[in-house]
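Engineer: Provided herewith: protein_24.cif, mmCIF, C-alpha atoms and all ligand atoms.
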```cif
data_my_file
loop_
_atom_site.label_atom_id
_atom_site.label_comp_id
_atom_site.auth_asym_id
_atom_site.auth_seq_id
_atom_site.Cartn_x
_atom_site.Cartn_y
_atom_site.Cartn_z
CA MET A 28 -4.64 4.12 17.03
CA ARG A 29 -2.45 7.23 17.33
CA PHE A 30 1.27 6.73 17.72
CA ARG A 31 3.76 8.80 19.62
CA THR A 32 6.61 10.17 17.57
CA VAL A 33 9.83 9.42 19.38
CA LEU A 34 12.60 12.03 19.51
CA LEU A 35 15.59 11.00 17.45
CA LEU A 36 19.30 11.48 17.32
CA ALA A 37 20.20 12.15 13.70
CA TYR A 38 22.77 9.36 13.49
CA SER A 39 21.55 6.86 16.04
CA ALA A 40 24.45 4.64 16.86
CA ILE A 41 22.40 2.24 18.95
CA ALA A 42 20.05 1.23 16.13
CA PRO A 43 20.97 -1.93 14.24
CA ALA A 44 21.66 -1.87 10.53
CA ALA A 45 18.83 -2.56 8.13
CA SER A 46 19.23 -6.25 8.61
CA ALA A 47 21.61 -6.97 11.44
CA ALA A 48 20.61 -10.27 12.99
CA ILE A 49 18.30 -12.61 11.14
CA GLY A 50 16.13 -14.68 13.42
CA ASP A 51 15.22 -12.05 16.00
CA ASP A 52 11.79 -10.72 16.84
CA LEU A 53 11.86 -7.78 14.43
CA LEU A 54 9.73 -7.45 11.35
CA ARG A 55 11.82 -5.78 8.64
CA VAL A 56 10.28 -4.30 5.52
CA HIS A 57 12.84 -3.18 2.93
CA PHE A 58 11.97 -0.87 0.04
CA ILE A 59 14.88 -1.34 -2.32
CA ASP A 60 16.04 1.37 -4.73
CA VAL A 61 15.72 -0.25 -8.13
CA GLY A 62 15.33 3.05 -9.99
CA GLN A 63 11.94 3.36 -11.67
CA GLY A 64 10.13 0.32 -10.25
CA ASP A 65 9.12 -1.53 -7.10
CA ALA A 66 11.04 -4.12 -5.08
CA ILE A 67 10.01 -4.93 -1.52
CA TRP A 68 11.47 -7.56 0.81
CA ILE A 69 9.62 -8.48 3.97
CA GLN A 70 11.49 -10.44 6.63
CA GLY A 71 9.13 -11.79 9.24
CA PRO A 72 10.09 -12.08 12.91
CA ALA A 73 11.54 -15.41 14.06
CA GLY A 74 8.95 -17.92 15.14
CA GLU A 75 6.12 -16.37 13.14
CA CYS A 76 5.02 -19.23 10.87
CA THR A 77 8.61 -20.55 10.54
CA PRO A 78 11.49 -20.79 13.05
CA ALA A 79 13.63 -18.23 11.16
CA GLY A 80 10.72 -16.04 10.07
CA LEU A 81 9.08 -15.65 6.67
CA ASN A 82 10.73 -14.21 3.57
CA ILE A 83 8.30 -12.45 1.26
CA LEU A 84 8.99 -10.44 -1.88
CA ILE A 85 6.56 -8.02 -3.47
CA ASP A 86 7.83 -7.20 -6.99
CA GLY A 87 11.47 -7.20 -8.07
CA GLY A 88 12.26 -4.14 -10.15
CA PRO A 89 13.11 -3.80 -13.84
CA ASN A 90 16.55 -5.40 -14.19
CA THR A 91 17.69 -8.97 -14.69
CA GLY A 92 21.41 -9.78 -14.59
CA PRO A 93 24.32 -7.74 -13.21
CA ASN A 94 22.22 -4.60 -12.73
CA ASN A 95 19.64 -6.37 -10.56
CA ARG A 96 19.77 -4.32 -7.34
CA LEU A 97 17.28 -6.58 -5.59
CA ILE A 98 19.78 -9.44 -5.81
CA THR A 99 22.65 -7.19 -4.70
CA TYR A 100 20.59 -6.09 -1.71
CA LEU A 101 19.51 -9.61 -0.73
CA GLU A 102 23.14 -10.74 -0.90
CA THR A 103 24.40 -7.72 1.05
CA TYR A 104 21.97 -8.56 3.84
CA LYS A 105 22.87 -12.24 3.81
CA LEU A 106 19.94 -13.96 2.21
CA GLU A 107 22.19 -16.73 1.00
CA GLN A 108 21.80 -18.35 -2.39
CA GLY A 109 19.45 -21.34 -2.16
CA SER A 110 17.49 -19.91 0.78
CA VAL A 111 13.74 -20.36 0.77
CA ILE A 112 11.50 -17.43 -0.13
CA ASP A 113 8.07 -18.29 1.22
CA TYR A 114 6.04 -15.98 -1.00
CA MET A 115 6.80 -13.99 -4.13
CA VAL A 116 4.04 -11.61 -5.21
CA VAL A 117 4.05 -10.07 -8.68
CA THR A 118 1.55 -7.25 -8.30
CA HIS A 119 0.97 -6.89 -12.05
CA PRO A 120 2.81 -7.78 -15.27
CA HIS A 121 4.65 -4.52 -16.00
CA ASP A 122 8.35 -4.23 -16.82
CA ASP A 123 9.24 -2.13 -13.77
CA HIS A 124 7.87 -4.79 -11.38
CA TYR A 125 8.71 -8.36 -12.38
CA PRO A 126 11.94 -8.84 -14.44
CA GLY A 127 14.17 -8.69 -11.33
CA LEU A 128 12.25 -11.64 -9.90
CA LEU A 129 13.59 -13.96 -12.63
CA ASP A 130 17.00 -13.96 -10.94
CA VAL A 131 15.28 -14.69 -7.62
CA LEU A 132 13.65 -17.82 -9.13
CA ARG A 133 17.08 -18.90 -10.40
CA ARG A 134 19.05 -18.21 -7.19
CA TYR A 135 16.59 -18.98 -4.43
CA GLN A 136 13.85 -21.52 -3.78
CA VAL A 137 10.48 -19.83 -3.95
CA ALA A 138 7.66 -21.84 -2.37
CA THR A 139 4.62 -19.87 -3.56
CA ILE A 140 4.41 -17.40 -6.42
CA VAL A 141 1.33 -15.18 -6.43
CA ASP A 142 0.43 -13.72 -9.82
CA SER A 143 -2.50 -11.40 -10.50
CA GLY A 144 -3.69 -13.70 -13.27
CA PHE A 145 -4.20 -10.71 -15.54
CA PRO A 146 -4.17 -12.18 -19.05
CA THR A 147 -1.15 -10.92 -20.93
CA ALA A 148 0.25 -12.14 -24.20
CA GLY A 149 3.64 -10.45 -23.65
CA VAL A 150 6.41 -12.88 -24.60
CA LYS A 151 8.67 -11.78 -21.73
CA TYR A 152 5.98 -12.26 -19.13
CA GLN A 153 5.01 -15.66 -20.55
CA ALA A 154 8.66 -16.70 -20.18
CA PHE A 155 8.58 -15.50 -16.56
CA LEU A 156 5.44 -17.55 -15.88
CA ARG A 157 7.08 -20.62 -17.43
CA GLU A 158 9.99 -20.30 -15.00
CA ALA A 159 7.55 -19.73 -12.14
CA LYS A 160 5.67 -22.91 -13.06
CA ALA A 161 8.93 -24.91 -13.09
CA GLU A 162 10.07 -23.59 -9.67
CA LYS A 163 10.84 -26.11 -6.90
CA VAL A 164 11.77 -26.18 -3.24
CA GLY A 165 14.05 -29.21 -2.96
CA ASN A 166 12.28 -31.86 -5.01
CA LYS A 167 8.83 -30.46 -4.38
CA SER A 168 7.12 -28.38 -7.04
CA SER A 169 6.27 -24.86 -5.94
CA THR A 170 2.79 -23.37 -6.10
CA LEU A 171 1.83 -20.79 -8.71
CA VAL A 172 -1.32 -18.96 -7.72
CA GLU A 173 -3.19 -16.99 -10.37
CA LEU A 174 -5.53 -14.77 -8.39
CA ARG A 175 -8.04 -14.34 -11.15
CA LYS A 176 -8.60 -18.11 -11.08
CA GLN A 177 -8.14 -18.41 -7.29
CA PRO A 178 -9.64 -15.23 -5.82
CA GLY A 179 -10.03 -16.91 -2.43
CA PHE A 180 -6.29 -17.52 -1.98
CA GLN A 181 -5.02 -16.66 1.51
CA PHE A 182 -1.53 -16.45 2.97
CA THR A 183 -0.80 -18.77 5.89
CA ASP A 184 -1.76 -16.94 9.06
CA CYS A 185 0.92 -16.69 11.74
CA ALA A 186 0.40 -15.90 15.45
CA ASP A 187 0.97 -12.13 15.25
CA LEU A 188 1.98 -11.57 11.62
CA HIS A 189 -0.95 -11.34 9.25
CA LEU A 190 -0.76 -10.85 5.49
CA SER A 191 -3.88 -10.47 3.43
CA ILE A 192 -4.89 -9.62 -0.11
CA LEU A 193 -7.30 -6.68 -0.09
CA LEU A 194 -7.81 -6.51 -3.84
CA SER A 195 -6.74 -8.64 -6.73
CA ASP A 196 -7.41 -8.52 -10.41
CA SER A 197 -10.94 -9.00 -11.57
CA ASP A 198 -12.43 -8.75 -15.01
CA LYS A 199 -14.93 -6.17 -13.76
CA ALA A 200 -15.62 -3.10 -15.90
CA GLY A 201 -14.58 0.41 -14.87
CA LEU A 202 -10.89 -0.32 -14.38
CA GLY A 203 -9.68 1.74 -17.34
CA SER A 204 -7.91 0.64 -20.51
CA GLY A 205 -4.39 0.10 -21.83
CA ASN A 206 -1.60 0.51 -19.28
CA SER A 207 -4.06 1.87 -16.71
CA ARG A 208 -6.04 -1.35 -16.90
CA VAL A 209 -2.89 -3.37 -16.24
CA ASN A 210 -2.00 -1.09 -13.29
CA ASN A 211 -5.50 -1.63 -11.93
CA ALA A 212 -4.87 -5.38 -12.00
CA SER A 213 -2.43 -4.73 -9.12
CA THR A 214 -2.67 -7.00 -6.12
CA VAL A 215 -3.06 -4.84 -2.99
CA ILE A 216 -1.63 -6.34 0.19
CA ARG A 217 -2.07 -5.57 3.87
CA LEU A 218 0.51 -6.60 6.46
CA GLU A 219 -0.16 -6.38 10.19
CA TYR A 220 2.22 -6.98 13.05
CA LYS A 221 0.89 -6.17 16.52
CA ALA A 222 0.37 -2.37 16.74
CA PHE A 223 1.53 -1.57 13.20
CA SER A 224 0.25 -2.12 9.69
CA PHE A 225 1.44 -1.69 6.12
CA LEU A 226 -0.48 -1.24 2.88
CA PHE A 227 1.24 -2.11 -0.40
CA MET A 228 -0.67 -0.63 -3.33
CA GLY A 229 1.28 -1.90 -6.35
CA ASP A 230 0.44 0.47 -9.23
CA LEU A 231 -3.24 0.81 -8.42
CA GLU A 232 -4.72 3.97 -9.93
CA GLY A 233 -7.66 6.12 -8.91
CA LYS A 234 -8.38 8.66 -11.61
CA ASP A 235 -7.43 10.16 -14.97
CA ARG A 236 -4.40 12.44 -14.90
CA ALA A 237 -6.51 15.52 -15.71
CA ALA A 238 -9.33 14.73 -13.26
CA ALA A 239 -9.66 16.39 -9.85
CA ALA A 240 -8.24 14.49 -6.86
CA ASP A 241 -11.43 14.64 -4.80
CA LYS A 242 -13.22 11.88 -6.63
CA SER A 243 -11.84 8.36 -6.73
CA GLY A 244 -12.44 6.03 -9.63
CA THR A 245 -11.08 2.81 -11.16
CA GLY A 246 -8.88 0.72 -8.83
CA GLU A 247 -9.00 2.97 -5.76
CA LYS A 248 -12.79 3.17 -6.01
CA ALA A 249 -12.93 -0.64 -6.11
CA LEU A 250 -10.62 -0.86 -3.08
CA LEU A 251 -12.57 1.75 -1.08
CA SER A 252 -15.91 0.12 -1.84
CA GLN A 253 -14.84 -3.48 -1.19
CA VAL A 254 -12.64 -3.19 1.89
CA PRO A 255 -13.82 -2.15 5.38
CA ALA A 256 -12.32 1.14 6.61
CA ALA A 257 -10.47 -0.57 9.48
CA LYS A 258 -8.54 -2.67 6.96
CA LEU A 259 -7.46 0.35 4.93
CA ARG A 260 -6.12 2.41 7.83
CA ALA A 261 -2.36 1.75 7.93
CA THR A 262 0.77 3.06 9.63
CA VAL A 263 2.86 2.74 6.46
CA LEU A 264 1.57 3.25 2.93
CA LYS A 265 3.57 2.17 -0.12
CA VAL A 266 2.01 4.68 -2.47
CA GLY A 267 0.32 3.45 -5.64
CA HIS A 268 1.95 3.84 -9.06
CA HIS A 269 5.15 5.56 -7.94
CA GLY A 270 3.26 8.65 -6.77
CA SER A 271 1.73 9.45 -10.13
CA GLU A 272 -1.11 11.97 -10.44
CA THR A 273 -3.37 9.09 -11.52
CA SER A 274 -3.28 7.63 -7.98
CA SER A 275 -3.58 8.79 -4.34
CA THR A 276 -7.01 10.40 -4.53
CA LEU A 277 -8.11 12.29 -1.42
CA ASP A 278 -10.58 9.54 -0.46
CA LEU A 279 -7.76 7.01 -0.47
CA ILE A 280 -5.37 9.18 1.60
CA ARG A 281 -8.13 9.96 4.12
CA ALA A 282 -9.03 6.27 4.41
CA VAL A 283 -5.44 5.11 4.97
CA GLN A 284 -4.25 8.03 7.17
CA PRO A 285 -0.61 6.94 6.88
CA ASP A 286 2.08 8.03 9.33
CA VAL A 287 4.80 6.98 6.88
CA VAL A 288 4.45 7.44 3.12
CA VAL A 289 6.86 5.41 0.97
CA ILE A 290 7.36 6.24 -2.70
CA GLU A 291 9.36 3.94 -4.97
CA SER A 292 10.44 5.77 -8.10
CA GLY A 293 13.35 6.71 -10.33
CA ARG A 294 14.42 9.07 -13.10
CA LYS A 295 12.43 7.70 -16.01
CA ALA A 296 10.52 10.41 -17.88
CA PHE A 297 6.86 9.82 -18.73
CA SER A 298 5.68 12.35 -21.33
CA GLY A 299 8.25 14.80 -19.99
CA THR A 300 7.41 14.34 -16.31
CA PHE A 301 9.06 12.27 -13.61
CA LEU A 302 7.36 10.34 -10.82
CA PRO A 303 6.27 11.12 -8.22
CA ASP A 304 4.22 14.08 -9.39
CA GLN A 305 4.81 17.08 -7.13
CA SER A 306 1.02 17.51 -6.91
CA VAL A 307 0.78 14.09 -5.22
CA VAL A 308 3.61 14.83 -2.77
CA ASP A 309 1.80 18.09 -1.94
CA ARG A 310 -1.48 16.18 -1.39
CA TYR A 311 0.14 13.94 1.21
CA LYS A 312 1.81 16.94 2.90
CA LYS A 313 -1.50 18.78 3.11
CA GLU A 314 -3.64 15.82 4.21
CA ARG A 315 -1.06 14.25 6.53
CA PRO A 316 1.12 17.12 7.78
CA GLY A 317 2.81 15.00 10.45
CA ALA A 318 3.60 12.07 8.18
CA LEU A 319 7.09 11.27 6.94
CA ILE A 320 7.51 10.96 3.17
CA VAL A 321 10.45 8.77 2.12
CA ARG A 322 11.50 8.07 -1.46
CA THR A 323 13.83 5.69 -3.27
CA ASP A 324 14.68 8.52 -5.69
CA ASP A 325 15.99 10.59 -2.78
CA GLY A 326 18.40 13.20 -4.14
CA ASP A 327 18.47 11.64 -7.62
CA GLU A 328 17.31 14.80 -9.40
CA ALA A 329 19.85 17.02 -7.61
CA GLN A 330 22.59 14.52 -8.50
CA HIS A 331 21.49 14.63 -12.17
CA LEU A 332 21.00 10.87 -12.27
CA ASP A 333 19.19 9.16 -15.12
CA THR A 334 17.81 5.69 -15.81
CA MET A 335 21.35 4.31 -16.19
CA ASN A 336 22.44 5.18 -12.64
CA ASP A 337 19.38 6.07 -10.56
CA ALA A 338 19.32 2.73 -8.70
CA ASP A 339 22.05 4.15 -6.49
CA GLY A 340 21.16 2.83 -3.04
CA ASP A 341 18.44 5.14 -1.67
CA ASP A 342 17.02 2.18 0.21
CA ILE A 343 14.48 2.38 3.00
CA ALA A 344 14.07 -0.18 5.79
CA ILE A 345 11.29 -0.17 8.36
CA LEU A 346 11.88 -2.22 11.51
CA THR A 347 9.37 -2.99 14.20
CA ASP A 348 9.02 -5.27 17.20
CA GLY A 349 5.30 -4.58 17.18
CA ASP A 350 5.45 -1.99 19.99
CA SER A 351 7.74 0.57 18.38
CA LEU A 352 8.76 1.22 14.80
CA ARG A 353 11.77 2.83 13.14
CA VAL A 354 12.09 4.10 9.59
CA ARG A 355 15.68 3.90 8.40
CA GLN A 356 17.10 5.36 5.24
CA ALA A 357 20.45 4.65 3.55
CA LYS A 358 21.54 8.27 3.21
CA LEU A 359 24.46 9.49 1.18
CA SER A 360 26.84 11.57 3.33
CA SER A 361 29.11 14.35 2.09
CA SER A 362 31.98 11.83 1.99
CA GLY A 363 30.05 9.85 -0.63
CA LYS A 364 29.40 6.90 1.72
CA ARG A 365 26.02 5.45 2.67
CA HIS A 366 24.89 5.38 6.29
CA TRP A 367 21.68 3.95 7.68
CA ILE A 368 19.96 6.75 9.54
CA THR A 369 16.79 6.52 11.59
CA VAL A 370 14.54 9.20 10.13
CA LYS A 371 11.39 8.52 12.15
CA ALA A 372 10.47 6.51 15.21
CA LEU A 373 6.99 5.72 16.45
CA SER A 374 5.80 4.13 19.63
CA LYS A 375 2.36 2.80 20.39
ZN ZN A 401 5.17 0.57 -11.96
#
```
What do you get writing this file as structure tokens?

Structural biologist:
Amino acid sequence: MRFRTVLLLAYSAIAPAASAAIGDDLLRVHFIDVGQGDAIWIQGPAGECTPAGLNILIDGGPNTGPNNRLITYLETYKLEQGSVIDYMVVTHPHDDHYPGLLDVLRRYQVATIVDSGFPTAGVKYQAFLREAKAEKVGNKSSTLVELRKQPGFQFTDCADLHLSILLSDSDKAGLGSGNSRVNNASTVIRLEYKAFSFLFMGDLEGKDRAAAADKSGTGEKALLSQVPAAKLRATVLKVGHHGSETSSTLDLIRAVQPDVVVIESGRKAFSGTFLPDQSVVDRYKKERPGALIVRTDDGDEAQHLDTMNDADGDDIAILTDGDSLRVRQAKLSSSGKRHWITVKALSK
């Protein structure tokens, strides 16, 4: 389906804030600025599966404690302590994805925790899994799903809201080694609501850093070969592995054909380079010239931020009633205040 781009006023006064009224018919997908890392909160529309709508988290960023921006954000937008989170997905056991979820287990009631099942001996991650196993909703024990043991796991299907796992960790060969292998354990999720769809890639990779972008390998090759094309095409793509050169091969971009490209990243240096790689941003611009690219490290380089202060509120919220969709960004104005601005609107 092709969408119409709707003309925008720069500061659209009529649009609600990122999360104005809970319990309406909007699907809200929040990409929270946690610096280098991923944290995504999905608020389902009222009446889809539950009266108030589903709460789903995909990853929680790197920080536990007072610097946990996921918690700050959930509290700012009135997800009150003790509320039920229906699903918590940990895409893979890396430090920029799961530590922030520990505070969520402690403050909220998480019904189902979905773990890749990738075997890791890391002490910190084992401690996280222990807390996940002890989680309860009221007096009822929560469910911990380890996808490697339960590859057939499915989310509850709602009337119009559909969440599915396109890829989860397997012990198949060809998924790289070391940190790349862990990234390729990422759970890849598709979300559909009426005319619009989202693809959340975790840190899935597709090639070696030095390899050309026109040939996909490892995780992206597995995704492209296992999933029908219609299930890969998506309105919004949360780019794999923070926009690193090891992801976003041309085959993947051409299969997804995103209208909105979301990159979650911060100011952590990897061998002297920061994510996203400019080469990857350029690939999206060339392949999808009309697409909007939005980033949680928006302006961080120009402001000379580093890992101590890069989680500074460059949040992105995408709202849709299923017929039209708005991408909103918490932009810093010259007065130093944040304002939610609609930066793209689509209509079916
Ligand atoms: Zn990561």

Engineer: For ligand ZN 401 (chain A), which of A:Phe145, A:Phe180, A:Tyr152, A:Phe297 is the closest residue, counting all atoms listed in the file?

Structural biologist: A:Phe297

Engineer: Given all atoms listed in the file as the basis, pick out the residue of A:Glu314, A:Leu97, A:Val137, A:Pro120 nearest to Asn82 in chain A.

Structural biologist: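 Checking each of A:Glu314, A:Leu97, A:Val137, A:Pro120 against Asn82 in chain A, counting all atoms listed in the file, the winner is A:Val137.
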
Engineer: So how far away is CA of Thr276 in chain A from CA of Gly326 in chain A, in Å?

Structural biologist: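 Pair CA of Gly326 in chain A / CA of Thr276 in chain A returns 25.6 Å.
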
Engineer: So that I can see what lies close to Leu279 in chain A, please list as a ChimeraX atom specification the residues with an atom at most 12 Å from it, counting all atoms listed in the file and leaving out residues fewer than 4 positions away in the same chain.

Structural biologist: /A:226,228,231-234,240-252,254,256,259-261,264,266-267,274-275,283-285,310-311,314

Engineer: When distances are computed from all atoms listed in the file, which of A:Asp122, A:Asp309, A:Asp184, A:Asp235 shows the smallest separation from Gly64 in chain A?

Structural biologist: A:Asp122

Engineer: For chain A versus ligand ZN 401 (chain A), which residues have an atom no more than 6 Å away, and what is each residue's nearest atom pair and distance in Å rounded to one decimal, using all atoms listed in the file, chain-then-number order, as JSON lines?

Structural biologist:
```
{"residue": "A:Gly64", "atom": "CA", "partner": "A:ZN401", "partner_atom": "ZN", "distance": 5.3}
{"residue": "A:Asp123", "atom": "CA", "partner": "A:ZN401", "partner_atom": "ZN", "distance": 5.2}
{"residue": "A:Asp230", "atom": "CA", "partner": "A:ZN401", "partner_atom": "ZN", "distance": 5.5}
{"residue": "A:His268", "atom": "CA", "partner": "A:ZN401", "partner_atom": "ZN", "distance": 5.4}
```

Engineer: Next, the residues of the selection above should be written as a compact mmCIF listing (two decimals), in the coordinates of the input with C-alpha atoms.

Structural biologist:
```
# COMPACT_ATOMS: atom_id res chain seq x y z
CA GLY A 64 10.13 0.32 -10.25
CA ASP A 123 9.24 -2.13 -13.77
CA ASP A 230 0.44 0.47 -9.23
CA HIS A 268 1.95 3.84 -9.06
```

Engineer: Enter the distance from CA of Val307 in chain A to CA of Gly270 in chain A, in Å, rounded to one decimal.

Structural biologist: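 One can read the CA of Val307 in chain A to CA of Gly270 in chain A distance as 6.2 Å.
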
Engineer: Looking at A:Arg281, A:Arg294, A:Arg208, A:Arg29, which one is nearest to Ser374 in chain A, with distances taken over all atoms listed in the file?

Structural biologist: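 Of all the options, A:Arg29 lies closest to Ser374 in chain A.
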
Engineer: Residues near Ser271 in chain A, anyone? I mean within 10 Å using all atoms listed in the file, not counting same-chain ones fewer than 6 positions away, as a PDB file with C-alpha atoms, keeping the file's coordinate frame.

Structural biologist:
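What follows is the written file out_7.pdb:
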```
ATOM      1  CA  ASP A 230       0.440   0.470  -9.230  1.00  0.00           C
ATOM      2  CA  GLU A 232      -4.720   3.970  -9.930  1.00  0.00           C
ATOM      3  CA  ARG A 236      -4.400  12.440 -14.900  1.00  0.00           C
ATOM      4  CA  ILE A 290       7.360   6.240  -2.700  1.00  0.00           C
ATOM      5  CA  SER A 292      10.440   5.770  -8.100  1.00  0.00           C
ATOM      6  CA  THR A 300       7.410  14.340 -16.310  1.00  0.00           C
ATOM      7  CA  PHE A 301       9.060  12.270 -13.610  1.00  0.00           C
ATOM      8  CA  LEU A 302       7.360  10.340 -10.820  1.00  0.00           C
ATOM      9  CA  PRO A 303       6.270  11.120  -8.220  1.00  0.00           C
ATOM     10  CA  ASP A 304       4.220  14.080  -9.390  1.00  0.00           C
ATOM     11  CA  GLN A 305       4.810  17.080  -7.130  1.00  0.00           C
ATOM     12  CA  SER A 306       1.020  17.510  -6.910  1.00  0.00           C
ATOM     13  CA  VAL A 307       0.780  14.090  -5.220  1.00  0.00           C
ATOM     14  CA  VAL A 308       3.610  14.830  -2.770  1.00  0.00           C
TER      15      VAL A 308
END
```

Engineer: Set out as JSON lines a contact list for range 241-345 of chain A and range 67-81 of chain A with a cut-off of 12 Å, giving each residue of range 241-345 of chain A that qualifies its closest atom pair and distance in Å to one decimal, counting only C-alpha atoms, ordered by chain and rising residue number.

Structural biologist:
```
{"residue": "A:Lys265", "atom": "CA", "partner": "A:Ile67", "partner_atom": "CA", "distance": 9.7}
{"residue": "A:Val289", "atom": "CA", "partner": "A:Ile67", "partner_atom": "CA", "distance": 11.1}
{"residue": "A:Ile290", "atom": "CA", "partner": "A:Ile67", "partner_atom": "CA", "distance": 11.5}
{"residue": "A:Glu291", "atom": "CA", "partner": "A:Ile67", "partner_atom": "CA", "distance": 9.5}
{"residue": "A:Thr323", "atom": "CA", "partner": "A:Ile67", "partner_atom": "CA", "distance": 11.4}
{"residue": "A:Asp342", "atom": "CA", "partner": "A:Ile67", "partner_atom": "CA", "distance": 10.1}
{"residue": "A:Ile343", "atom": "CA", "partner": "A:Ile67", "partner_atom": "CA", "distance": 9.7}
{"residue": "A:Ala344", "atom": "CA", "partner": "A:Trp68", "partner_atom": "CA", "distance": 9.3}
{"residue": "A:Ile345", "atom": "CA", "partner": "A:Ile69", "partner_atom": "CA", "distance": 9.5}
```

Engineer: Counting only C-alpha atoms, which residue out of A:Leu129, A:Ile83, A:Ala357, A:Leu106 sits closest to Val141 in chain A?

Structural biologist: A:Ile83

Engineer: Which is closest to His331 in chain A among A:Gly293, A:Phe58, A:Asp51, A:Ala66, if we use only C-alpha atoms?

Structural biologist: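 So, comparing all the options, the nearest one is A:Gly293.
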
Engineer: How would you write as number ranges by chain the residues that get within 7 Å of (13.5, -3.2, -12.4) in the file's frame, counting all atoms listed in the file?

Structural biologist: A: 61-64, 87-90, 122-124, 126-127

Engineer: Give me range 235-249 of chain A with N, CA and C atoms filled in, as an mmCIF file, keeping the file's coordinate frame.

Structural biologist:
```
data_model
loop_
_atom_site.group_PDB
_atom_site.id
_atom_site.type_symbol
_atom_site.label_atom_id
_atom_site.label_comp_id
_atom_site.auth_asym_id
_atom_site.auth_seq_id
_atom_site.Cartn_x
_atom_site.Cartn_y
_atom_site.Cartn_z
ATOM 1 N N ASP A 235 -8.184 9.699 -13.807
ATOM 2 C CA ASP A 235 -7.430 10.160 -14.970
ATOM 3 C C ASP A 235 -6.482 11.261 -14.529
ATOM 4 N N ARG A 236 -5.393 11.414 -15.261
ATOM 5 C CA ARG A 236 -4.400 12.440 -14.900
ATOM 6 C C ARG A 236 -5.031 13.833 -14.779
ATOM 7 N N ALA A 237 -5.949 14.158 -15.693
ATOM 8 C CA ALA A 237 -6.510 15.520 -15.710
ATOM 9 C C ALA A 237 -7.661 15.714 -14.723
ATOM 10 N N ALA A 238 -8.155 14.621 -14.148
ATOM 11 C CA ALA A 238 -9.330 14.730 -13.260
ATOM 12 C C ALA A 238 -8.938 15.281 -11.896
ATOM 13 N N ALA A 239 -9.911 15.868 -11.194
ATOM 14 C CA ALA A 239 -9.660 16.390 -9.850
ATOM 15 C C ALA A 239 -9.390 15.238 -8.887
ATOM 16 N N ALA A 240 -8.660 15.551 -7.792
ATOM 17 C CA ALA A 240 -8.240 14.490 -6.860
ATOM 18 C C ALA A 240 -9.326 14.128 -5.848
ATOM 19 N N ASP A 241 -10.433 14.875 -5.859
ATOM 20 C CA ASP A 241 -11.430 14.640 -4.800
ATOM 21 C C ASP A 241 -12.464 13.574 -5.159
ATOM 22 N N LYS A 242 -12.264 12.911 -6.270
ATOM 23 C CA LYS A 242 -13.220 11.880 -6.630
ATOM 24 C C LYS A 242 -12.455 10.630 -7.086
ATOM 25 N N SER A 243 -12.601 9.552 -6.353
ATOM 26 C CA SER A 243 -11.840 8.360 -6.730
ATOM 27 C C SER A 243 -12.619 7.513 -7.725
ATOM 28 N N GLY A 244 -11.854 6.918 -8.632
ATOM 29 C CA GLY A 244 -12.440 6.030 -9.630
ATOM 30 C C GLY A 244 -11.584 4.788 -9.760
ATOM 31 N N THR A 245 -11.799 4.043 -10.789
ATOM 32 C CA THR A 245 -11.080 2.810 -11.160
ATOM 33 C C THR A 245 -10.644 1.971 -9.946
ATOM 34 N N GLY A 246 -9.359 1.652 -9.849
ATOM 35 C CA GLY A 246 -8.880 0.720 -8.830
ATOM 36 C C GLY A 246 -9.117 1.193 -7.396
ATOM 37 N N GLU A 247 -8.827 2.467 -7.136
ATOM 38 C CA GLU A 247 -9.000 2.970 -5.760
ATOM 39 C C GLU A 247 -10.480 2.942 -5.357
ATOM 40 N N LYS A 248 -11.351 3.228 -6.308
ATOM 41 C CA LYS A 248 -12.790 3.170 -6.010
ATOM 42 C C LYS A 248 -13.179 1.730 -5.648
ATOM 43 N N ALA A 249 -12.637 0.778 -6.403
ATOM 44 C CA ALA A 249 -12.930 -0.640 -6.110
ATOM 45 C C ALA A 249 -12.423 -1.005 -4.714
#
```
